[in-house]
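J.: Sending over run_7.csv (CSV, C-alpha atoms (C1' of nucleotides)).
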chain,number,residue,atom,x,y,z
C,1,MET,CA,112.7,198.6,177.2
C,2,THR,CA,115.9,199.5,175.4
C,3,PRO,CA,118.4,196.7,174.4
C,4,ALA,CA,120.8,198.1,177.1
C,5,GLU,CA,118.0,197.8,179.8
C,6,ILE,CA,117.3,194.3,178.7
C,7,GLN,CA,121.0,193.4,179.0
C,8,ASP,CA,121.1,194.8,182.5
C,9,THR,CA,117.9,193.0,183.5
C,10,VAL,CA,118.9,189.6,182.3
C,11,SER,CA,122.3,189.9,183.8
C,12,ALA,CA,120.7,190.8,187.2
C,13,LEU,CA,118.3,187.9,186.8
C,14,PHE,CA,121.2,185.5,186.0
C,15,CYS,CA,123.3,186.7,188.9
C,16,ALA,CA,120.4,186.3,191.3
C,17,PHE,CA,119.8,182.8,190.0
C,18,LEU,CA,123.5,181.9,190.4
C,19,GLU,CA,123.5,183.2,194.0
C,20,GLU,CA,120.4,181.4,194.9
C,21,ASN,CA,121.9,178.2,193.6
C,22,LYS,CA,125.3,178.8,195.1
C,23,GLN,CA,127.0,178.9,191.7
C,24,ARG,CA,129.9,181.2,191.0
C,25,LYS,CA,129.5,184.4,189.1
C,26,THR,CA,132.3,184.1,186.5
C,27,PRO,CA,133.1,186.6,183.7
C,28,GLU,CA,132.7,183.8,181.1
C,29,ARG,CA,129.1,183.2,182.1
C,30,LEU,CA,128.2,186.8,182.0
C,31,ALA,CA,129.9,187.2,178.6
C,32,ILE,CA,128.0,184.3,177.2
C,33,LEU,CA,124.7,185.7,178.4
C,34,LYS,CA,125.5,189.1,176.9
C,35,CYS,CA,126.5,187.6,173.6
C,36,ILE,CA,123.3,185.5,173.5
C,37,TYR,CA,121.1,188.6,174.1
C,38,ASN,CA,122.9,190.3,171.2
C,39,GLN,CA,121.6,187.6,168.9
C,40,THR,CA,118.6,188.6,166.8
C,41,GLU,CA,117.8,185.1,165.5
C,42,HIS,CA,118.0,181.5,166.6
C,43,PHE,CA,121.6,180.4,167.3
C,44,ASN,CA,123.5,177.3,167.9
C,45,VAL,CA,126.5,176.4,170.1
C,46,GLU,CA,128.9,176.6,167.2
C,47,SER,CA,127.9,180.0,166.0
C,48,LEU,CA,127.9,181.3,169.5
C,49,HIS,CA,131.3,179.9,170.2
C,50,GLN,CA,132.6,181.5,167.0
C,51,GLN,CA,131.4,185.0,168.1
C,52,LEU,CA,132.9,184.5,171.6
C,53,LYS,CA,136.3,183.7,170.1
C,54,GLU,CA,136.4,187.3,168.8
C,55,LEU,CA,136.3,188.5,172.4
C,56,PRO,CA,139.3,188.6,174.8
C,57,GLY,CA,139.3,185.7,177.2
C,58,ASN,CA,139.2,182.5,175.1
C,59,ILE,CA,136.0,180.9,176.2
C,60,SER,CA,135.9,177.2,175.5
C,61,ARG,CA,133.1,175.2,174.0
C,62,ALA,CA,132.7,173.2,177.3
C,63,THR,CA,132.0,176.4,179.1
C,64,VAL,CA,129.4,177.4,176.5
C,65,TYR,CA,127.6,174.1,177.0
C,66,ASN,CA,127.8,174.4,180.7
C,67,THR,CA,126.5,178.0,180.7
C,68,ILE,CA,123.7,177.2,178.3
C,69,GLU,CA,122.5,174.5,180.8
C,70,LEU,CA,122.3,177.1,183.5
C,71,LEU,CA,120.5,179.6,181.3
C,72,LEU,CA,118.0,176.9,180.4
C,73,ASP,CA,117.5,176.2,184.1
C,74,CYS,CA,116.7,179.8,184.9
C,75,ARG,CA,114.6,180.1,181.7
C,76,LEU,CA,116.6,182.9,180.1
C,77,ILE,CA,116.9,180.8,176.9
C,78,ILE,CA,114.9,178.2,175.2
C,79,LYS,CA,116.2,175.2,173.3
C,80,HIS,CA,114.7,173.9,170.1
C,81,GLN,CA,115.4,170.6,168.3
C,82,PHE,CA,114.3,171.3,164.8
C,83,GLY,CA,114.6,167.7,163.5
C,84,LYS,CA,118.3,167.9,162.7
C,85,SER,CA,120.8,166.9,165.3
C,86,LEU,CA,122.0,170.5,165.7
C,87,ALA,CA,120.2,172.1,168.6
C,88,GLN,CA,119.0,175.7,168.2
C,89,TYR,CA,118.5,178.2,171.0
C,90,GLU,CA,116.9,181.5,171.4
C,91,LYS,CA,116.8,184.2,174.2
C,92,SER,CA,113.5,184.1,176.0
C,93,TYR,CA,113.3,187.1,178.3
C,94,GLN,CA,110.3,189.2,177.4
C,95,SER,CA,109.7,187.3,174.2
C,96,LYS,CA,106.2,186.0,173.9
C,97,GLN,CA,105.5,182.3,173.4
C,98,HIS,CA,105.4,181.3,169.8
C,99,ASP,CA,105.7,178.2,167.6
C,100,HIS,CA,107.5,177.5,164.4
C,101,LEU,CA,106.8,176.8,160.8
C,102,ILE,CA,109.8,175.5,158.8
C,103,CYS,CA,109.8,175.6,155.1
C,104,GLU,CA,111.5,172.4,153.8
C,105,ASP,CA,112.1,174.0,150.4
C,106,CYS,CA,114.2,176.9,151.7
C,107,ASN,CA,114.8,176.0,155.4
C,108,LYS,CA,113.5,179.3,156.5
C,109,VAL,CA,112.0,179.3,160.0
C,110,PHE,CA,108.8,181.4,160.5
C,111,GLU,CA,107.2,182.1,163.9
C,112,PHE,CA,103.6,182.2,164.7
C,113,CYS,CA,101.3,182.3,167.7
C,114,ASP,CA,97.9,180.6,168.2
C,115,PRO,CA,96.0,180.6,171.4
C,116,ARG,CA,94.2,177.4,170.5
C,117,ILE,CA,97.3,175.5,171.4
C,118,HIS,CA,96.5,176.2,175.0
C,119,GLN,CA,93.1,174.8,174.7
C,120,ILE,CA,94.6,171.6,173.3
C,121,GLN,CA,97.0,171.6,176.2
C,122,ARG,CA,94.3,171.9,178.8
C,123,THR,CA,92.2,169.1,177.2
C,124,THR,CA,95.3,166.9,177.1
C,125,GLU,CA,96.1,167.6,180.7
C,126,GLU,CA,92.6,166.7,181.7
C,127,LEU,CA,92.6,163.6,179.6
C,128,THR,CA,96.0,162.2,180.9
C,129,ASN,CA,96.0,163.8,184.3
C,130,ILE,CA,99.6,165.0,183.6
C,131,LYS,CA,100.5,168.6,184.1
C,132,VAL,CA,102.1,170.1,181.0
C,133,SER,CA,105.0,172.5,181.6
C,134,HIS,CA,105.9,173.4,178.0
C,135,HIS,CA,105.4,172.2,174.4
C,136,SER,CA,106.9,172.2,171.0
C,137,LEU,CA,104.8,172.6,167.9
C,138,ILE,CA,106.4,172.6,164.5
C,139,PHE,CA,104.7,172.7,161.1
C,140,TYR,CA,106.8,171.6,158.1
C,141,GLY,CA,105.7,173.1,154.8
C,142,HIS,CA,106.6,174.0,151.3
C,143,CYS,CA,106.6,177.5,150.0
C,144,GLN,CA,107.1,176.5,146.4
C,145,SER,CA,103.8,174.8,146.0
C,146,TRP,CA,101.8,177.9,146.6
C,147,GLN,CA,103.9,180.9,145.6
C,148,LYS,CA,106.7,182.2,143.4
C,149,PHE,CA,110.1,181.2,144.5
C,150,GLU,CA,111.4,184.7,145.0
C,151,LYS,CA,109.1,185.1,148.0
C,152,CYS,CA,111.1,182.6,150.0
C,153,GLU,CA,114.5,182.7,148.5
C,154,HIS,CA,116.9,182.1,151.4
C,155,LYS,CA,117.9,178.7,150.2
C,156,ASP,CA,119.7,176.5,152.7
C,157,GLN,CA,120.1,179.2,155.3
C,158,ASP,CA,120.1,178.7,159.1
C,159,LEU,CA,118.8,175.5,160.6
U,1,MET,CA,92.7,143.5,159.6
U,2,THR,CA,94.8,140.8,161.2
U,3,PRO,CA,98.5,141.3,161.9
U,4,ALA,CA,99.3,138.9,159.1
U,5,GLU,CA,97.2,140.8,156.6
U,6,ILE,CA,98.8,144.0,157.6
U,7,GLN,CA,102.2,142.4,157.1
U,8,ASP,CA,101.2,141.3,153.6
U,9,THR,CA,99.7,144.7,152.7
U,10,VAL,CA,102.7,146.7,153.7
U,11,SER,CA,105.1,144.3,152.0
U,12,ALA,CA,103.1,144.7,148.8
U,13,LEU,CA,103.0,148.5,149.2
U,14,PHE,CA,106.7,148.5,149.7
U,15,CYS,CA,107.4,146.3,146.7
U,16,ALA,CA,105.2,148.5,144.5
U,17,PHE,CA,107.1,151.5,145.7
U,18,LEU,CA,110.4,149.9,145.0
U,19,GLU,CA,109.4,148.9,141.5
U,20,GLU,CA,108.0,152.4,140.8
U,21,ASN,CA,111.3,153.9,141.9
U,22,LYS,CA,113.4,151.4,140.2
U,23,GLN,CA,114.9,150.2,143.5
U,24,ARG,CA,115.8,146.6,144.1
U,25,LYS,CA,113.7,144.2,146.1
U,26,THR,CA,116.2,142.7,148.5
U,27,PRO,CA,115.6,140.3,151.3
U,28,GLU,CA,117.2,142.7,153.8
U,29,ARG,CA,114.7,145.4,153.0
U,30,LEU,CA,111.7,143.1,153.3
U,31,ALA,CA,113.1,141.7,156.6
U,32,ILE,CA,113.5,145.2,158.0
U,33,LEU,CA,110.0,146.2,157.1
U,34,LYS,CA,108.6,143.0,158.6
U,35,CYS,CA,110.6,143.5,161.8
U,36,ILE,CA,109.3,147.1,162.0
U,37,TYR,CA,105.7,146.0,161.7
U,38,ASN,CA,106.2,143.5,164.5
U,39,GLN,CA,107.1,146.4,166.9
U,40,THR,CA,104.3,147.6,169.1
U,41,GLU,CA,105.9,150.8,170.4
U,42,HIS,CA,108.3,153.4,169.1
U,43,PHE,CA,111.7,152.1,168.2
U,44,ASN,CA,115.1,153.4,167.3
U,45,VAL,CA,117.8,152.2,164.9
U,46,GLU,CA,119.8,150.5,167.6
U,47,SER,CA,116.9,148.5,169.0
U,48,LEU,CA,115.8,147.5,165.5
U,49,HIS,CA,119.3,146.4,164.6
U,50,GLN,CA,119.6,144.3,167.8
U,51,GLN,CA,116.4,142.4,166.8
U,52,LEU,CA,117.6,141.9,163.3
U,53,LYS,CA,120.8,140.4,164.5
U,54,GLU,CA,118.8,137.5,165.9
U,55,LEU,CA,117.7,136.7,162.4
U,56,PRO,CA,119.8,134.8,159.9
U,57,GLY,CA,121.5,137.1,157.3
U,58,ASN,CA,123.5,139.6,159.3
U,59,ILE,CA,121.9,142.9,158.4
U,60,SER,CA,124.2,145.8,158.9
U,61,ARG,CA,123.4,149.1,160.5
U,62,ALA,CA,124.1,150.9,157.2
U,63,THR,CA,121.3,148.9,155.5
U,64,VAL,CA,118.9,149.7,158.3
U,65,TYR,CA,119.5,153.4,157.9
U,66,ASN,CA,119.2,153.0,154.1
U,67,THR,CA,116.0,151.1,154.3
U,68,ILE,CA,114.5,153.4,156.9
U,69,GLU,CA,115.1,156.3,154.4
U,70,LEU,CA,113.1,154.4,151.8
U,71,LEU,CA,110.3,153.6,154.3
U,72,LEU,CA,110.0,157.2,155.2
U,73,ASP,CA,109.8,158.1,151.5
U,74,CYS,CA,106.9,155.8,150.9
U,75,ARG,CA,105.3,156.8,154.3
U,76,LEU,CA,105.2,153.4,155.8
U,77,ILE,CA,107.0,154.8,158.9
U,78,ILE,CA,107.2,158.1,160.7
U,79,LYS,CA,110.2,159.6,162.3
U,80,HIS,CA,110.1,161.5,165.6
U,81,GLN,CA,112.8,163.6,167.2
U,82,PHE,CA,111.8,163.7,170.8
U,83,GLY,CA,114.3,166.3,172.0
U,84,LYS,CA,117.1,163.9,172.6
U,85,SER,CA,119.6,163.1,169.8
U,86,LEU,CA,118.3,159.6,169.4
U,87,ALA,CA,115.6,159.5,166.6
U,88,GLN,CA,112.5,157.4,167.2
U,89,TYR,CA,110.4,155.8,164.6
U,90,GLU,CA,107.0,154.2,164.4
U,91,LYS,CA,105.0,152.2,161.8
U,92,SER,CA,102.4,154.4,160.2
U,93,TYR,CA,100.2,152.2,157.9
U,94,GLN,CA,96.6,152.3,159.1
U,95,SER,CA,97.5,154.2,162.3
U,96,LYS,CA,95.7,157.4,162.8
U,97,GLN,CA,97.4,160.7,163.2
U,98,HIS,CA,98.3,161.5,166.7
U,99,ASP,CA,100.6,163.7,168.8
U,100,HIS,CA,102.7,163.0,171.9
U,101,LEU,CA,102.9,163.9,175.5
U,102,ILE,CA,106.2,163.1,177.2
U,103,CYS,CA,106.3,162.9,181.0
U,104,GLU,CA,109.7,164.3,182.1
U,105,ASP,CA,109.5,162.5,185.4
U,106,CYS,CA,109.2,159.0,184.1
U,107,ASN,CA,110.0,159.4,180.3
U,108,LYS,CA,106.8,157.7,179.4
U,109,VAL,CA,105.3,158.7,176.0
U,110,PHE,CA,101.5,159.1,175.7
U,111,GLU,CA,99.6,159.6,172.5
U,112,PHE,CA,96.7,161.8,172.0
U,113,CYS,CA,94.6,163.2,169.2
U,114,ASP,CA,93.0,166.6,168.9
U,115,PRO,CA,91.3,167.9,165.7
U,116,ARG,CA,92.0,171.5,166.7
U,117,ILE,CA,95.6,171.1,165.6
U,118,HIS,CA,94.2,171.1,162.0
U,119,GLN,CA,92.4,174.4,162.6
U,120,ILE,CA,95.7,175.9,163.8
U,121,GLN,CA,97.4,174.5,160.7
U,122,ARG,CA,94.9,175.9,158.3
U,123,THR,CA,95.2,179.4,160.0
U,124,THR,CA,98.9,179.2,159.8
U,125,GLU,CA,98.9,178.3,156.2
U,126,GLU,CA,96.6,181.2,155.3
U,127,LEU,CA,98.8,183.5,157.4
U,128,THR,CA,102.1,182.6,155.9
U,129,ASN,CA,101.0,181.4,152.5
U,130,ILE,CA,103.0,178.2,153.0
U,131,LYS,CA,101.4,174.8,152.5
U,132,VAL,CA,102.0,172.6,155.5
U,133,SER,CA,102.8,168.9,154.8
U,134,HIS,CA,103.1,167.6,158.3
U,135,HIS,CA,103.7,168.7,161.9
U,136,SER,CA,105.1,167.7,165.2
U,137,LEU,CA,103.4,168.6,168.5
U,138,ILE,CA,104.9,167.5,171.7
U,139,PHE,CA,103.8,168.4,175.2
U,140,TYR,CA,106.3,168.0,178.0
U,141,GLY,CA,104.8,167.4,181.5
U,142,HIS,CA,105.2,166.0,185.0
U,143,CYS,CA,103.0,163.2,186.3
U,144,GLN,CA,104.3,163.6,189.8
U,145,SER,CA,102.8,167.0,190.4
U,146,TRP,CA,99.2,165.8,190.0
U,147,GLN,CA,99.1,162.1,190.9
U,148,LYS,CA,100.7,159.4,192.9
U,149,PHE,CA,103.9,158.1,191.5
U,150,GLU,CA,102.7,154.5,191.0
U,151,LYS,CA,100.4,155.7,188.2
U,152,CYS,CA,103.4,156.5,186.1
U,153,GLU,CA,106.2,154.3,187.3
U,154,HIS,CA,108.2,153.3,184.2
U,155,LYS,CA,111.2,155.3,185.3
U,156,ASP,CA,113.8,155.9,182.6
U,157,GLN,CA,112.3,153.7,180.1
U,158,ASP,CA,112.3,154.1,176.3
U,159,LEU,CA,113.1,157.5,174.8
Y,1,DC,C1',142.6,178.7,201.2
Y,2,DT,C1',139.1,175.7,199.4
Y,3,DT,C1',136.4,174.1,195.9
Y,4,DA,C1',133.8,175.2,191.8
Y,5,DT,C1',134.8,176.4,187.2
Y,6,DT,C1',137.7,176.7,183.4
Y,7,DG,C1',140.2,175.1,178.9
Y,8,DC,C1',141.8,171.5,176.6
Y,9,DA,C1',141.7,167.2,174.5
Y,10,DA,C1',139.9,162.8,174.5
Y,11,DA,C1',135.8,159.9,174.6
Y,12,DG,C1',130.9,159.2,173.5
Y,13,DT,C1',126.9,158.7,170.7
Y,14,DG,C1',124.1,158.5,166.7
Y,15,DT,C1',124.5,158.8,161.8
Y,16,DT,C1',126.8,158.9,157.3
Y,17,DT,C1',130.2,157.6,153.9
Y,18,DG,C1',133.8,155.0,151.1
Y,19,DC,C1',134.8,150.9,149.2
Y,20,DA,C1',135.4,146.1,148.0
Y,21,DT,C1',132.1,142.4,147.6
Y,22,DC,C1',128.0,140.4,146.4
Y,23,DT,C1',123.3,140.1,144.1
Y,24,DT,C1',119.2,141.6,141.7
Y,25,DA,C1',117.0,142.4,137.5
L,1,DT,C1',126.7,140.8,133.5
L,2,DA,C1',126.2,145.4,134.9
L,3,DA,C1',124.2,148.7,138.1
L,4,DG,C1',122.8,148.8,142.7
L,5,DA,C1',122.8,147.1,147.4
L,6,DT,C1',125.3,145.2,151.0
L,7,DG,C1',128.6,144.8,155.2
L,8,DC,C1',132.3,146.6,157.4
L,9,DA,C1',135.0,150.1,159.3
L,10,DA,C1',136.4,154.5,159.3
L,11,DA,C1',134.8,159.2,159.2
L,12,DC,C1',131.6,162.7,160.9
L,13,DA,C1',129.1,166.1,163.7
L,14,DC,C1',127.6,167.4,167.9
L,15,DT,C1',127.9,166.8,172.8
L,16,DT,C1',129.8,165.2,177.2
L,17,DT,C1',133.5,164.0,180.2
L,18,DG,C1',138.2,163.8,182.8
L,19,DC,C1',141.6,166.3,184.5
L,20,DA,C1',145.1,169.6,185.8
L,21,DA,C1',145.3,174.5,186.2
L,22,DT,C1',142.9,178.6,187.7
L,23,DA,C1',140.1,181.9,190.2
L,24,DA,C1',135.8,183.0,192.9
L,25,DG,C1',134.1,183.5,197.4
Do you think you could lay out the structure here as structure tokens?
T.:
Amino acid sequence: MTPAEIQDTVSALFCAFLEENKQRKTPERLAILKCIYNQTEHFNVESLHQQLKELPGNISRATVYNTIELLLDCRLIIKHQFGKSLAQYEKSYQSKQHDHLICEDCNKVFEFCDPRIHQIQRTTEELTNIKVSHHSLIFYGHCQSWQKFEKCEHKDQDL
Amino acid sequence: MTPAEIQDTVSALFCAFLEENKQRKTPERLAILKCIYNQTEHFNVESLHQQLKELPGNISRATVYNTIELLLDCRLIIKHQFGKSLAQYEKSYQSKQHDHLICEDCNKVFEFCDPRIHQIQRTTEELTNIKVSHHSLIFYGHCQSWQKFEKCEHKDQDL
DNA sequence: CTTATTGCAAAGTGTTTGCATCTTA
DNA sequence: TAAGATGCAAACACTTTGCAATAAG
């Protein structure tokens, strides 16, 4: 699927969701979705709002928060709370489930995937009799204890 | 170990830590540690401060934050960020490692323990070449989809 | 034309900081 | 008695809310 095809698909999905839920299809909401699906990394409300200010239309922070809520509802984005107060988001259409490893030396966020988390989930569901809908697994580590610093040099980036 | 013995032990550990790090042994710090080790559940800064206000001495929120930082450093407490902005803490001396399942219907927090998380950790360390120091695993679920509501009735508590 | 949505600014919430005062070592 | 810790209040950072103006259906 090309980036353009993905943009079209998520727009269509969002419009369908809005109709179903009797919410209005505003240019602001579609612009925000488009901007989000142009991101390649995690993003936060502030960085998104900065980018939206470049566009014509003057989209306010309140609208960004409002739209993010809708996009979370229809599962087109995922929210992460990586320990700091600042919430991080990422687009989720067609991206496979993954978890995160955060290096506390350089603040870099790595993604990984391990099927055994689902086994733990199933066991926990059986044990507690509570159906699990989603999870958050974050490892916190230190790159400097095992390797040369240049391998992990993005000091104080993102997050 | 009786509760009183635990109190004595953690006080001694904290004092040793303070001496080692050339920090002062103030009555406020010891009172905060004692109050924390009287908690049976997760707590937050606000609830802790409320309880401390009952005591003589008038301990300020700033001192609570300061002391919590020290207690985190010497690993006598653990911090959790359960998705909301409000940070939760729990005492950690002699408590075995565990993870959390949060029911989104009733906000109740369950604890569980699964050794397979360490296998995932080891694999991830090998894969990324980053040494993991700690982790956070949270399952989010819904009790009402599988069982009667009365089994999980503490609506809107804690968190 | 009706009502949801918007932009703005103000209010909230949890945490951090600056500073004068007090207290530990 | 000097460096560090305290209490207070103000500052902060991120998020939510109230409201008049606007625009979607």
J.: For U:Ile117, which residue out of U:Ile78, U:Ile138, U:Ile32, U:Ala62 is the nearest one, using only C-alpha atoms?
T.: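 Among the listed residues, the smallest separation from U:Ile117 belongs to U:Ile138.
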J.: Provide the atom CA of C:Ile77 to atom CA of C:Glu19 distance in Å, to one decimal place.
T.: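 The value is 18.5 Å.
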J.: At what distance in Å, to one decimal, does atom CA of U:Tyr93 lie from atom CA of U:Thr9?
T.: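 That distance, rounded to one decimal, is 9.1 Å.
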J.: Please determine the residues with any atom at most 10 Å from (131.1, 163.7, 179.9) (coordinates as given in the file, with only C-alpha atoms (C1' of nucleotides) counting) and report them as a count of residues only.
T.: 7
J.: Residues of chain U within 12 Å of chain L, counting only C-alpha atoms (C1' of nucleotides), what are they? List them as a PyMOL selection string.
T.: chain U and resi 22-29+57-64+66-67+84-85
